[in-house]
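What follows is a short report on a single structure.
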There are 2 protein chains.
Amino acid sequence: MIRLLGQVLAALLIGAGAAPAQENAAARAARTWRQGHERAILDEYVALLRLPNVSSDRANIQRNADAIAEMLRRRGVETRLLTADGANPIVFGEIRTAGATRTIGFYAHYDGQPLDPREWKSPPFEPTFRNPQGQDVGLPASGAPIDPEWRVYARSAGDDKAPIMAILAALDGLKAAGVALKANVKFAFEGEEEAGSANLFKILSANRSAAQADVWLMCDGPLHQSRRPLVYFGSRDGVRLDLTVYGARNELHSGHYGNWAPNPALSLARLLVSMKGADDRVLVEGFYDGIEPLSDIERRAITDAPLVDRALMEELWLGGVDGAPATLTELVTRPSLNIRGMSSSRVGAQASNVIPSTATASIDIRLVKGMDPAKTQDRVIAHIRKQGYYVVETPPTPEIRRAQANVVWVDRARVGRGAVRTAMDLPISREVLRTVQSVRGPVIALPNMGGNLPLADVEQALGTRTIVVPIANHDNNQHSFDENLRLQNLWDGIEVMAALLAM
Amino acid sequence: MIRLLGQVLAALLIGAGAAPAQENAAARAARTWRQGHERAILDEYVALLRLPNVSSDRANIQRNADAIAEMLRRRGVETRLLTADGANPIVFGEIRTAGATRTIGFYAHYDGQPLDPREWKSPPFEPTFRNPQGQDVGLPASGAPIDPEWRVYARSAGDDKAPIMAILAALDGLKAAGVALKANVKFAFEGEEEAGSANLFKILSANRSAAQADVWLMCDGPLHQSRRPLVYFGSRDGVRLDLTVYGARNELHSGHYGNWAPNPALSLARLLVSMKGADDRVLVEGFYDGIEPLSDIERRAITDAPLVDRALMEELWLGGVDGAPATLTELVTRPSLNIRGMSSSRVGAQASNVIPSTATASIDIRLVKGMDPAKTQDRVIAHIRKQGYYVVETPPTPEIRRAQANVVWVDRARVGRGAVRTAMDLPISREVLRTVQSVRGPVIALPNMGGNLPLADVEQALGTRTIVVPIANHDNNQHSFDENLRLQNLWDGIEVMAALLAM
């Protein structure tokens with residue numbers, strides 16, 4: 001870990017500034033509509049955010065799917081739910097345009113990450129507006145101006161109901177202004193992206209001709225930390241591994257057994273430390289094998305991206321970061337291995353004088369193009385064995401625990417279909433960049449986002465291309481508590497979606 | 001960590017067997033009383049266990065103190081509460097015996113460890129009887145036989161309300177049989193032992209003449225794993241340190257920031273691993289300095305103790321233990337450093353794809369005679385600094401987190417008054433051993449217990465000796481969930497306490 005000690009640069013985020021004159025006609029139509037209907041748009045959004053949407057909550061997931069289908073139908077979009085056994089439905093909509101020569105797909109997802117409501121400042125499914133000072137505020141009456149720096153706090157406010165709302169408001173704006181579409185348009189709003197898109201490939205494969213498109217625009221993820229518009233041409237892929245290390249069958253009194261009974265928390269710490277060098281390079285043998293190097297265009301794109309590292313460190317209270325001298329933008333084009341969470345017995349007021357019985361860590365690995373997801377998990381498991389652990393892939397029996405000194409249960413919690421990077425110089429790549437630029441000015445183009453999206457699922461099921469168009473603010477706290485959306489990001493997103501719909 | 005791979009010896013616990021003929025008259029009187037009053041004794045015990053007794057729960061602690069004072073007074077013991085500002089009361093009782101030439105004190109504590117009721121099979125303050133097969137059972141009517149292998153499950157069933165109940169029932173038995181006491185007897189039942197006995201020294205110092213005794217018998221802790229009777233002549237002392245390591249101010253999306261934002265869980269793991277060598281020796285500089293070596297008698301006592309390591313490994317599902325070839329009995333005479341608990345973000349179904357914002361571990365250190373508690377904490381803190389961490393002793397401000405790459409908040413959660421070992425060849429030491437032996441047959445004598453008791457507080461406040469006489473089963477799950485007391489241990493404990501009261 002590199003330590004950037006000493007004074008921190010007083011770097012400031014490049015603000016979004018005043019809205020530029022809108023040269024894109026579709027975006028202009030969307031802006032006019034939005035300016036006249038801000039309260040109505042937010043009321044509709046709040047109603048959508050009120051629906052609990054954790055992927056595993058089947059009953060509420062269905063309520064979300066039904067609500068979104070109804071929102072599409074109200075706008076004249078032919079809509080149905082694509083389903084499969086054990087899957088959360090995909091809300092699928094279609095607008096057929098007379099004389100169209102191509103089809104553009106818009107993907108987003110309506111499910112959200114698991115959460116612990118006790119960590120949230122306001123209940124995650126009671127959308128709450130707050131001003132930049134962090135005070136709760138009420139929306140003014142319809143027609144009155146609303147501060148675009150206000151944010152709405154709720155699970156999925158940023159990830160990923162925002163693009164759904166932006167698309168729906170954009171359709172309203174285009175219709176009101178009589179802007180005609182040129183392409184056929186399709187919508188696929190997934191209901192289990194946060195659960196690993198377990199059925200996306202299967203459902204799209206089963207509906208291959210219906211879901212066919214020349215490109216699928218994957219509307220997810222955050223904008224650049226500089227708040228400038230951003231298009232990603234790929235994403236990392238994620239795999240997870242949950243590791244549980246075992247001590248005695250029960251927690252033991254740490255006085256009566258300390259020095260004798262093995263401590264699984266220490267054993268887990270040793271295992272985790274063995275996976276990364278002091279330079280934060282992953283020490284799992286073969287981890288970096290097969291990676292497809294960045295092209296010249298991709299490397300240039302990284303160099304061209306604005307430097308935000310110092311400002312971000314200030315914003316995030318970080319006195320040091322990993323991986324320097326490489327920048328954040330470059331580092332997310334490399335694979336990563338991260339501890340998502342760690343737990344053993346209790347800490348704080350609930351702690352007691354025990355030797356814990358088990359210790360668990362959840363790790364996620366972000367893969368880049370060329371890495372095989374299952375093989376990467378295999379390599380981590382081989383690494384664990386090499387450290388002297390006896391690996392089981394189901395919880396160990398008492399017999400195994402008695403016979404083996406160091407037992408670890410490895411749960412291959414998620415395997416994806418690999419990372420994707422779409423070439424940045426394809427005609428469609430250039431056209432999407434040009435379109436977003438015509439709405440919001442100079443666009444940052446990056447080879448891949450650091451997170452993972454089910455790009456490979458879509459590409460492999462449909463034999464198509466994917467390009468990622470995010471709209472949420474970078475500090476939307478997605479995947480954590482106090483998730484939020486900055487209202488200006490929704491307003492900008494409506495204009496971007498209008499321009500892409502009319503492309 | 002030594003790995004004892006391969007087959008495990010089919011060693012068996014030496015059972016308590018049938019009760020031997022009772023040669024000690026006081027113990028015989030107690031047995032006769034108990035055999036006629038088992039149901040009544042358990043009813044009284046259940047009522048005591050029903051009172052929630054977590055040390056920090058002041059209102060309920062007071063209810064416990066009042067209830068125990070009333071139980072003593074019902075038996076004619078002159079009783080009052082010793083208090084101090086901010087302290088939980090000590091229930092103090094006294095029996096003056098005409099012509100007595102010495103005074104024997106009996107210490108126990110009525111408070112219990114913090115707990116999480118969700119971990120318990122039955123609610124911790126609804127005492128539940130279970131048979132050895134783990135089935136809930138109801139007590140038979142008064143007079144009917146009760147299986148002595150049944151256990152009662154409740155917080156403090158073993159640690160440490162059991163000796164209080166045993167003493168009270170012993171007093172009943174002695175009175176019923178007309179057995180006269182020879183010594184003055186005092187009782188001190190503490191209400192914050194599990195919170196580190198923060199006020200014991202102060203209260204006893206303020207009541208020095210009232211609490212004076214030739215010896216204080218510290219009735220706490222578990223019996224030997226062989227179930228043979230056991231007397232300890234000291235205890236380790238415990239200090240605690242809670243460590244919190246910081247990453248970014250919020251949890252961050254592990255895709256968008258993974259490889260760049262430091263992971264506090266990994267940083268904490270590195271810190272913990274730095275504290276112990278592969279041979280489990282503590283690597284903190286000076287940690288072992290000043291330790292008072294064991295005497296020949298103490299070393300012989302360890303050699304004479306029955307070997308239970310293999311049987312315990314089988315019982316506890318352990319395939320390997322630390323510290324071999326030294327035995328458990330020997331290892332607890334050495335200092336230890338243990339991770340009590342560890343937490344960072346979430347694991348399991350609540351986990352999400354984040355880089356955690358903080359990671360916390362609670363460590364406890366068991367000191368042996370000759371080690372200074374505060375100096376030991378200082379040495380650990382010096383070790384942490386040497387690993388490159390910036391140490392603060394209050395939660396760090398944003399400014400500190402921005403200025404320093406590796407910030408750790410060290411909370412000196414507990415400092416004790418040092419470990420104690422009473423010489424095993426003093427006349428009083430031999431007399432206590434002989435008395436317990438006259439009740440229960442051959443006694444195991446050990447230099448110190450592995451846990452810590454406030455022996456130093458009592459000795460330093462009163463200028464007296466302490467000897468530890470436990471009665472609870474070794475597998476009572478003290479300090480953890482599903483704490484329990486085996487009924488035969490209560491029955492045996494009543495006889496031991498009767499013999500010691502009449503000593």
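Labeling convention for the structure tokens: chains A, B, ... as they appear, residues from 1 per chain, ligands from 1 in order of appearance.
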Which neighbours of A:Val468 fall inside 7 Å, counting only C-alpha atoms, when residues of the same chain fewer than 6 positions from it are skipped, and could you give them as a PyMOL selection string? chain A and resi 217-220+231-234
Write the residues of the selection above to a file with N, CA, C and O atoms, as a PDB file, in the first residue's frame.
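To be explicit, this is the file written out as again-v2.pdb:
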ATOM      1  N   LEU A 217     -27.813  -0.946 -25.048  1.00  0.00           N
ATOM      2  CA  LEU A 217     -27.232   0.081 -24.186  1.00  0.00           C
ATOM      3  C   LEU A 217     -27.526  -0.314 -22.748  1.00  0.00           C
ATOM      4  O   LEU A 217     -28.694  -0.430 -22.342  1.00  0.00           O
ATOM      5  N   MET A 218     -26.481  -0.536 -21.988  1.00  0.00           N
ATOM      6  CA  MET A 218     -26.624  -1.029 -20.618  1.00  0.00           C
ATOM      7  C   MET A 218     -26.617   0.186 -19.697  1.00  0.00           C
ATOM      8  O   MET A 218     -25.569   0.794 -19.451  1.00  0.00           O
ATOM      9  N   CYS A 219     -27.803   0.564 -19.239  1.00  0.00           N
ATOM     10  CA  CYS A 219     -27.950   1.808 -18.472  1.00  0.00           C
ATOM     11  C   CYS A 219     -27.804   1.492 -16.989  1.00  0.00           C
ATOM     12  O   CYS A 219     -28.785   1.173 -16.305  1.00  0.00           O
ATOM     13  N   ASP A 220     -26.608   1.560 -16.502  1.00  0.00           N
ATOM     14  CA  ASP A 220     -26.319   1.190 -15.119  1.00  0.00           C
ATOM     15  C   ASP A 220     -24.972   1.801 -14.754  1.00  0.00           C
ATOM     16  O   ASP A 220     -24.200   2.175 -15.628  1.00  0.00           O
ATOM     17  N   VAL A 231     -19.171   7.293 -20.914  1.00  0.00           N
ATOM     18  CA  VAL A 231     -19.617   6.055 -21.550  1.00  0.00           C
ATOM     19  C   VAL A 231     -18.533   5.015 -21.334  1.00  0.00           C
ATOM     20  O   VAL A 231     -17.342   5.296 -21.525  1.00  0.00           O
ATOM     21  N   TYR A 232     -18.964   3.823 -20.882  1.00  0.00           N
ATOM     22  CA  TYR A 232     -18.031   2.704 -20.707  1.00  0.00           C
ATOM     23  C   TYR A 232     -18.240   1.708 -21.842  1.00  0.00           C
ATOM     24  O   TYR A 232     -19.383   1.423 -22.215  1.00  0.00           O
ATOM     25  N   PHE A 233     -17.145   1.106 -22.295  1.00  0.00           N
ATOM     26  CA  PHE A 233     -17.278   0.122 -23.376  1.00  0.00           C
ATOM     27  C   PHE A 233     -17.106  -1.314 -22.884  1.00  0.00           C
ATOM     28  O   PHE A 233     -16.879  -2.224 -23.667  1.00  0.00           O
ATOM     29  N   GLY A 234     -17.240  -1.485 -21.603  1.00  0.00           N
ATOM     30  CA  GLY A 234     -17.155  -2.833 -21.059  1.00  0.00           C
ATOM     31  C   GLY A 234     -17.305  -2.780 -19.557  1.00  0.00           C
ATOM     32  O   GLY A 234     -17.582  -1.722 -18.971  1.00  0.00           O
TER      33      GLY A 234
END
Residue list (strand (DSSP E or B), DSSP) for stretch 266-410 of chain B, as a count of residues only: 31
Among stretch 141-342 of chain A, which ones does DSSP place in alpha helix (DSSP H), written as an MDAnalysis selection string? chainID A and resid 162:177 200:206 254:257 264:273 296:304 309:315 328:331
Report as a PyMOL selection string all protein, DNA and RNA residues lying within 12 Å of B:Glu431, evaluated on only C-alpha atoms, omitting residues in the same chain fewer than 4 positions from it. chain B and resi 215+231+424-427+435-438+467+499-500+503
If you keep N, CA and C atoms, can you produce a file of those selected residues as a tab-separated table (two decimals), in the first residue's frame?
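Dumped everything to result_6.tsv:
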chain	number	residue	atom	x	y	z
B	215	VAL	N	-8.64	-15.85	54.68
B	215	VAL	CA	-8.56	-16.30	53.29
B	215	VAL	C	-9.89	-15.99	52.62
B	231	VAL	N	-8.85	-27.45	42.62
B	231	VAL	CA	-8.61	-26.18	43.32
B	231	VAL	C	-7.48	-25.45	42.57
B	424	MET	N	1.31	-23.02	46.89
B	424	MET	CA	0.48	-24.21	47.10
B	424	MET	C	0.82	-24.94	48.39
B	425	ASP	N	1.92	-24.54	49.08
B	425	ASP	CA	2.31	-25.28	50.29
B	425	ASP	C	2.07	-24.49	51.57
B	426	LEU	N	1.30	-23.40	51.50
B	426	LEU	CA	0.91	-22.71	52.73
B	426	LEU	C	-0.04	-23.62	53.52
B	427	PRO	N	-0.08	-23.46	54.86
B	427	PRO	CA	-1.02	-24.29	55.65
B	427	PRO	C	-2.46	-24.16	55.16
B	435	THR	N	-9.77	-30.47	52.65
B	435	THR	CA	-11.22	-30.40	52.87
B	435	THR	C	-11.98	-30.81	51.61
B	436	VAL	N	-11.58	-30.26	50.48
B	436	VAL	CA	-12.27	-30.62	49.23
B	436	VAL	C	-12.09	-32.11	48.96
B	437	GLN	N	-10.88	-32.62	49.24
B	437	GLN	CA	-10.63	-34.04	49.02
B	437	GLN	C	-11.51	-34.91	49.90
B	438	SER	N	-11.77	-34.44	51.13
B	438	SER	CA	-12.60	-35.23	52.06
B	438	SER	C	-14.04	-35.32	51.56
B	467	ILE	N	-7.81	-18.27	47.22
B	467	ILE	CA	-7.73	-19.62	46.65
B	467	ILE	C	-9.03	-19.83	45.86
B	499	ALA	N	-18.72	-28.26	53.36
B	499	ALA	CA	-17.48	-28.66	54.03
B	499	ALA	C	-16.59	-27.44	54.28
B	500	LEU	N	-16.52	-26.53	53.31
B	500	LEU	CA	-15.67	-25.34	53.45
B	500	LEU	C	-16.26	-24.37	54.47
B	503	MET	N	-15.35	-25.51	57.91
B	503	MET	CA	-13.92	-25.76	58.04
B	503	MET	C	-13.36	-25.10	59.29
Show me, as a count of residues only, the residues that have an atom within 8 Å of stretch 452-455 of chain A when counting only C-alpha atoms, minus same-chain residues fewer than 4 positions from it. 17
